[in-house]
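Peer 1: Below is the structure I would like to discuss, written out as structure tokens.
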Amino acid sequence: MFKLLRFSLYGVKNLENEVTLEFCGATTQDGIKKINNIKGIYGYNGAGKSAIVCAMNLYEKLVLKDSFLSERQVIEELDNLINYKRKELYISVTFEGYKEIIEHKIKIKKNDLLGKYVIFYEEVLLHKGRTLNEKGETIFLKSEDKLKSKYDLQGVSSEFNNLNYNSFVHELIINFVFLKYKGKIDDPRILHLTSLIISMARIYLFSMRLFVYLPNTDNYFYDYASVSAKINSLLKEDYKKDNKMKSNDEFLSLFQKQKYKIVVRKTVIEEVKKMTKKLEKFLKIFKPELKKIELEIVEDKENAYIGRIFVYDDYKVGLEYESAGIKQLVEIFPYLYNCANGGVTFIDEIDTYLNSVYFEKLISFFIEYGKGQLVFTAHNIEPMSELKNQLRAITILGVDNKIETFTKKGNYDPKNIYKKGYFPNLPMNVENFDFLNIFFEDEL
Amino acid sequence: MILLFLLETTSSNKSDWRYVKSTIDFYYESRICKYEPLYCENKDKLINQDTKINRIIKKDYFENEYKVILVADYDREENKNNRIIDYCNKNKYELIWMNPNIEKVYLDMDVSQADKKRKSENFQIKSEQLLPNLTNILNFKEPLKTKRGSNILDILDKFLKAK
């Protein structure tokens with residue numbers, strides 16, 4: 001299992017200043033104390049809540065996707081994503097995996113000569129202190145074009161020739177260990193790098209456990225089952241413990257989609273059917289009149305294209321014609337499923353179309369039963385009644401990117417405090433008459 | 001910081017708050033701090049809000065810093081004015097004068113009680129056109145020495161950032 005402990009970022013959209021989300025209390029030799037498994041991020045429209053989710057999405061891709069930064073579409077996206085004042089983007093992720101606390105920092109900026117974004121700084125640290133604020137031990141550092149490591153990289157450093165566009169984690173695990181050494185970390189030539197490889201493999205695995213949902217973007221899942229198995233084979237002792245997650249990975253890969261159709265390898269059609277049943281049961285909580293979900297399957301040589309038809313008493317309707325609420329539930333279901341079973345999930349605007357009461361109960365489920373960590377952005381403050389009893393579960397992103405956290409104290413109700421605008425850096429100075437001079441300006 | 005405005009108006013009427021809020025929105029950067037109106041109904045109650053103020057401050061989870069600002073019409077009865085001045089001095093509250101009254105300051109006309117709400121709404125609708133011509137009227141340091149004026153901008157300058 002992996003647990004996110006801290007997430008820091010700056011330079012994404014309007015987040016010019018560094019923002020840090022904390023997920024744990026003190027660390028001890030026995031492990032981490034008081035990890036929180038849920039966090040609701042609230043704030044004004046445009047405060048930067050989505051930017052936080054966006055940054056985590058970017059991090060996941062930077063680690064997992066090969067040459068992600070050299071894709072044309074990515075360059076265009078980053079042109080719009082990177083804060084125009086800061087001109088560089090910084091992401092730092094600290095997590096715990098199998099009693100190792102790893103911090104991974106990445107900075108990217110545009111190289112004007114190349115016309116592309118490059119990773120100009122990357123650092124991996126191991127934390128062994130009592131708190132995360134104590135500086136960890138650097139095991140890998142790339143600053144501009146210079147590499148430094150606790151381990152001897154001489155003789156192999158020339159192998160890492162794509163560190164501008166790939167994170168070192170990706171380069172080392174995928175392109176070096178798997179492609180060059182066929183996953184044999186007991187090869188005498190790289191035996192001295194075993195510890196480094198294991199730490200980096202953990203970062204890779206953590207990134208695979210990370211599921212980030214942003215509305216209006218096609219969700220793209222990797223071939224998790226096979227890659228996860230490969231990585232796990234490097235961490236032999238971890239693999240059994242992590243076995244349950246593997247099935248989740250398979251599950252998630254069944255939701256890879258193009259618009260409203262699922263596109264999967266033909267070999268997993270039966271799995272899709274099974275998982276659709278789970279989705280069906282989930283949706284029936286919100287819409288009991290739904291009878292079942294039928295699958296319309298079209299196959300070519302390798303793939304199956306699966307449409308979903310929602311069957312009611314008197315009529316049937318394709319997903320594309322379903323209500324916005326049902327569509328959103330279908331979209332976020334795999335992310336929630338992953339989270340319930342131990343993954344780290346970020347969901348932007350989770351409440352857009354959800355009924356307030358059901359939303360609150362869903363959040364309450366994750367507080368009481370969720371095995372993973374759920375980070376969501378929302379405007380609906382109803383779940384604050386549940387969140388207030390959890391440590392650091394209500395996070396407010398206010399003016400100038402300042403973060404404020406609500407911690408339970410007496411009978412204070414965060415909903416009231418929020419509505420009244422008493423959160424520092426989040427004054428709510430709006431009155432109904434503020435709209436008068438917008439809608440009736442021409443009447444006088 | 002929270003600016004707590006004590007106003008001579010009712011919560012259903014809110015007329016004074018419309019003038020003050022329009023002024024803040026027009027002249028100052030938004031979201032510097034929280035503004036909270038406290039509707040006191042009339043002048044007598046304006047200086048009798050200690051319990052309410054203390055309750056608000058005491059109940060504040062975040063223990064924000066508070067500045068209490070009274071917004072008062074200048075009364076013909078000097079003793080009433082003096083009571084307000086003494087009250088503010090004693091409690092270290094700020095005092096915004098509307099001389100001779102808020103409608104006269106913002107609209108340059110006398111408005112009947114029944115018409116106060118409507119007139120303040122009309123002002124709010126046209127505030128962006130009207131306020132630029134009122135800057136001098138609203139920016140007196142000693143508004144009681146003039147026939148028509150207020151020190152609202154002088155007081156708000158202490159806590160807010162001008163646009």
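Note on naming: chains are A, B, ... as they come in the structure tokens, residues start from 1 per chain, ligands start from 1 in the order shown.
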If we count only C-alpha atoms, which residues of chain A reach to within 7 Å of chain B? Please list them as a ChimeraX atom specification.

Peer 2: /A:412,421,423,427-429,436-437,440-441

Peer 1: Identify, on the basis of only C-alpha atoms, every residue whose closest approach to Ile102 in chain B does not exceed 10 Å; exclude the query and any residue fewer than 6 positions from it along the same chain; express the result as a list of chain:residue names.

Peer 2: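 Those residues are B:Glu8, B:Ser15, B:Asp16, B:Tyr19, B:Val20, B:Val71, B:Ala72, B:Asp73, B:Tyr74, B:Asp108, B:Met109, B:Asp110, B:Val111, B:Ser120, B:Arg148, B:Gly149, B:Ser150.
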
Peer 1: Those same residues - all heavy atoms - I'd like them written as a tab-separated table (two decimals), in the first residue's frame.

Peer 2:
```tsv
chain	number	residue	atom	x	y	z
B	8	GLU	N	-26.91	52.21	11.17
B	8	GLU	CA	-28.22	52.69	11.66
B	8	GLU	C	-29.32	52.24	10.72
B	8	GLU	O	-30.03	53.08	10.14
B	8	GLU	CB	-28.24	54.22	11.67
B	8	GLU	CG	-27.43	54.90	12.72
B	8	GLU	CD	-27.64	56.41	12.66
B	8	GLU	OE1	-28.79	56.86	12.59
B	8	GLU	OE2	-26.64	57.12	12.65
B	15	SER	N	-30.38	49.68	3.85
B	15	SER	CA	-30.07	50.80	2.95
B	15	SER	C	-28.66	51.36	3.20
B	15	SER	O	-27.89	51.55	2.25
B	15	SER	CB	-31.13	51.89	3.07
B	15	SER	OG	-31.17	52.35	4.41
B	16	ASP	N	-28.30	51.58	4.46
B	16	ASP	CA	-26.97	52.15	4.73
B	16	ASP	C	-25.86	51.22	4.24
B	16	ASP	O	-24.82	51.66	3.75
B	16	ASP	CB	-26.79	52.38	6.24
B	16	ASP	CG	-27.66	53.52	6.74
B	16	ASP	OD1	-28.58	53.92	6.00
B	16	ASP	OD2	-27.42	54.01	7.86
B	19	TYR	N	-24.93	51.61	0.55
B	19	TYR	CA	-24.03	52.73	0.25
B	19	TYR	C	-22.59	52.39	0.64
B	19	TYR	O	-21.65	52.60	-0.13
B	19	TYR	CB	-24.47	53.99	1.01
B	19	TYR	CG	-25.82	54.51	0.58
B	19	TYR	CD1	-26.93	54.44	1.42
B	19	TYR	CD2	-26.00	55.09	-0.68
B	19	TYR	CE1	-28.17	54.92	1.04
B	19	TYR	CE2	-27.25	55.58	-1.08
B	19	TYR	CZ	-28.33	55.49	-0.21
B	19	TYR	OH	-29.55	55.95	-0.61
B	20	VAL	N	-22.44	51.83	1.83
B	20	VAL	CA	-21.08	51.53	2.33
B	20	VAL	C	-20.43	50.45	1.48
B	20	VAL	O	-19.28	50.57	1.05
B	20	VAL	CB	-21.13	51.11	3.83
B	20	VAL	CG1	-19.76	50.66	4.30
B	20	VAL	CG2	-21.65	52.26	4.68
B	71	VAL	N	-21.02	53.55	11.62
B	71	VAL	CA	-21.41	54.47	10.53
B	71	VAL	C	-22.62	55.24	11.05
B	71	VAL	O	-23.71	54.68	11.23
B	71	VAL	CB	-21.76	53.70	9.25
B	71	VAL	CG1	-22.11	54.68	8.13
B	71	VAL	CG2	-20.61	52.79	8.83
B	72	ALA	N	-22.42	56.54	11.32
B	72	ALA	CA	-23.47	57.31	11.99
B	72	ALA	C	-23.82	58.58	11.23
B	72	ALA	O	-22.93	59.26	10.69
B	72	ALA	CB	-23.02	57.66	13.39
B	73	ASP	N	-25.11	58.88	11.20
B	73	ASP	CA	-25.54	60.19	10.70
B	73	ASP	C	-25.21	61.22	11.77
B	73	ASP	O	-25.22	60.92	12.96
B	73	ASP	CB	-27.04	60.19	10.44
B	73	ASP	CG	-27.42	59.32	9.25
B	73	ASP	OD1	-26.52	58.96	8.47
B	73	ASP	OD2	-28.62	59.00	9.10
B	74	TYR	N	-24.95	62.44	11.31
B	74	TYR	CA	-24.64	63.51	12.27
B	74	TYR	C	-25.96	64.08	12.76
B	74	TYR	O	-26.77	64.60	11.97
B	74	TYR	CB	-23.77	64.58	11.60
B	74	TYR	CG	-23.25	65.60	12.55
B	74	TYR	CD1	-22.47	65.22	13.64
B	74	TYR	CD2	-23.51	66.97	12.37
B	74	TYR	CE1	-21.98	66.14	14.52
B	74	TYR	CE2	-23.01	67.91	13.25
B	74	TYR	CZ	-22.25	67.48	14.34
B	74	TYR	OH	-21.76	68.42	15.23
B	108	ASP	N	-27.45	63.56	-2.23
B	108	ASP	CA	-27.68	65.00	-2.08
B	108	ASP	C	-29.18	65.31	-2.03
B	108	ASP	O	-29.66	66.25	-2.68
B	108	ASP	CB	-27.00	65.79	-3.21
B	108	ASP	CG	-26.82	67.26	-2.83
B	108	ASP	OD1	-26.97	67.58	-1.63
B	108	ASP	OD2	-26.54	68.08	-3.72
B	109	MET	N	-29.93	64.50	-1.33
B	109	MET	CA	-31.37	64.77	-1.15
B	109	MET	C	-31.85	64.13	0.15
B	109	MET	O	-31.22	63.22	0.68
B	109	MET	CB	-32.17	64.21	-2.33
B	109	MET	CG	-32.10	62.70	-2.47
B	109	MET	SD	-33.31	62.04	-3.62
B	109	MET	CE	-32.58	62.43	-5.19
B	110	ASP	N	-32.95	64.67	0.62
B	110	ASP	CA	-33.58	64.06	1.80
B	110	ASP	C	-34.51	62.96	1.33
B	110	ASP	O	-35.22	63.12	0.33
B	110	ASP	CB	-34.37	65.11	2.58
B	110	ASP	CG	-33.42	66.12	3.22
B	110	ASP	OD1	-32.42	65.68	3.79
B	110	ASP	OD2	-33.68	67.33	3.08
B	111	VAL	N	-34.48	61.86	2.03
B	111	VAL	CA	-35.30	60.71	1.61
B	111	VAL	C	-36.16	60.27	2.80
B	111	VAL	O	-35.68	60.17	3.93
B	111	VAL	CB	-34.39	59.53	1.17
B	111	VAL	CG1	-35.22	58.30	0.80
B	111	VAL	CG2	-33.52	59.95	-0.01
B	120	SER	N	-31.71	53.51	-2.09
B	120	SER	CA	-30.37	52.91	-1.95
B	120	SER	C	-30.13	51.85	-3.03
B	120	SER	O	-29.01	51.68	-3.52
B	120	SER	CB	-30.17	52.31	-0.56
B	120	SER	OG	-30.98	51.16	-0.40
B	148	ARG	N	-21.91	69.04	3.83
B	148	ARG	CA	-22.25	67.71	3.28
B	148	ARG	C	-20.95	66.93	3.06
B	148	ARG	O	-20.11	67.36	2.24
B	148	ARG	CB	-22.98	67.88	1.95
B	148	ARG	CG	-23.31	66.56	1.25
B	148	ARG	CD	-23.82	66.82	-0.17
B	148	ARG	NE	-23.86	65.59	-0.92
B	148	ARG	CZ	-23.60	65.51	-2.22
B	148	ARG	NH1	-23.28	66.58	-2.92
B	148	ARG	NH2	-23.67	64.34	-2.83
B	149	GLY	N	-20.80	65.82	3.76
B	149	GLY	CA	-19.57	65.07	3.55
B	149	GLY	C	-19.40	63.91	4.52
B	149	GLY	O	-20.13	63.77	5.49
B	150	SER	N	-18.42	63.09	4.20
B	150	SER	CA	-18.13	61.92	5.04
B	150	SER	C	-16.64	61.66	5.06
B	150	SER	O	-15.90	62.08	4.16
B	150	SER	CB	-18.86	60.69	4.48
B	150	SER	OG	-18.44	59.53	5.15
```

Peer 1: Kindly indicate which residue among A:Glu271, A:Glu60, A:Glu280, A:Glu431 lies nearest to Ile203 in chain A, using only C-alpha atoms for the distances.

Peer 2: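 Using only C-alpha atoms, the shortest distance to Ile203 in chain A belongs to A:Glu60.
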
Peer 1: Rounded to one decimal in Å, what is the spacing between CA of Pro424 in chain A and CA of Ser11 in chain B?

Peer 2: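 Taking CA of Pro424 in chain A as the start and CA of Ser11 in chain B as the end point, the length is 25.0 Å.
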
Peer 1: Please give the complete set of residues from range 334-372 of chain A that DSSP, run on the backbone, assigns to helix (DSSP H, G or I), formatted as number ranges by chain.

Peer 2: A: 334-340, 356-368
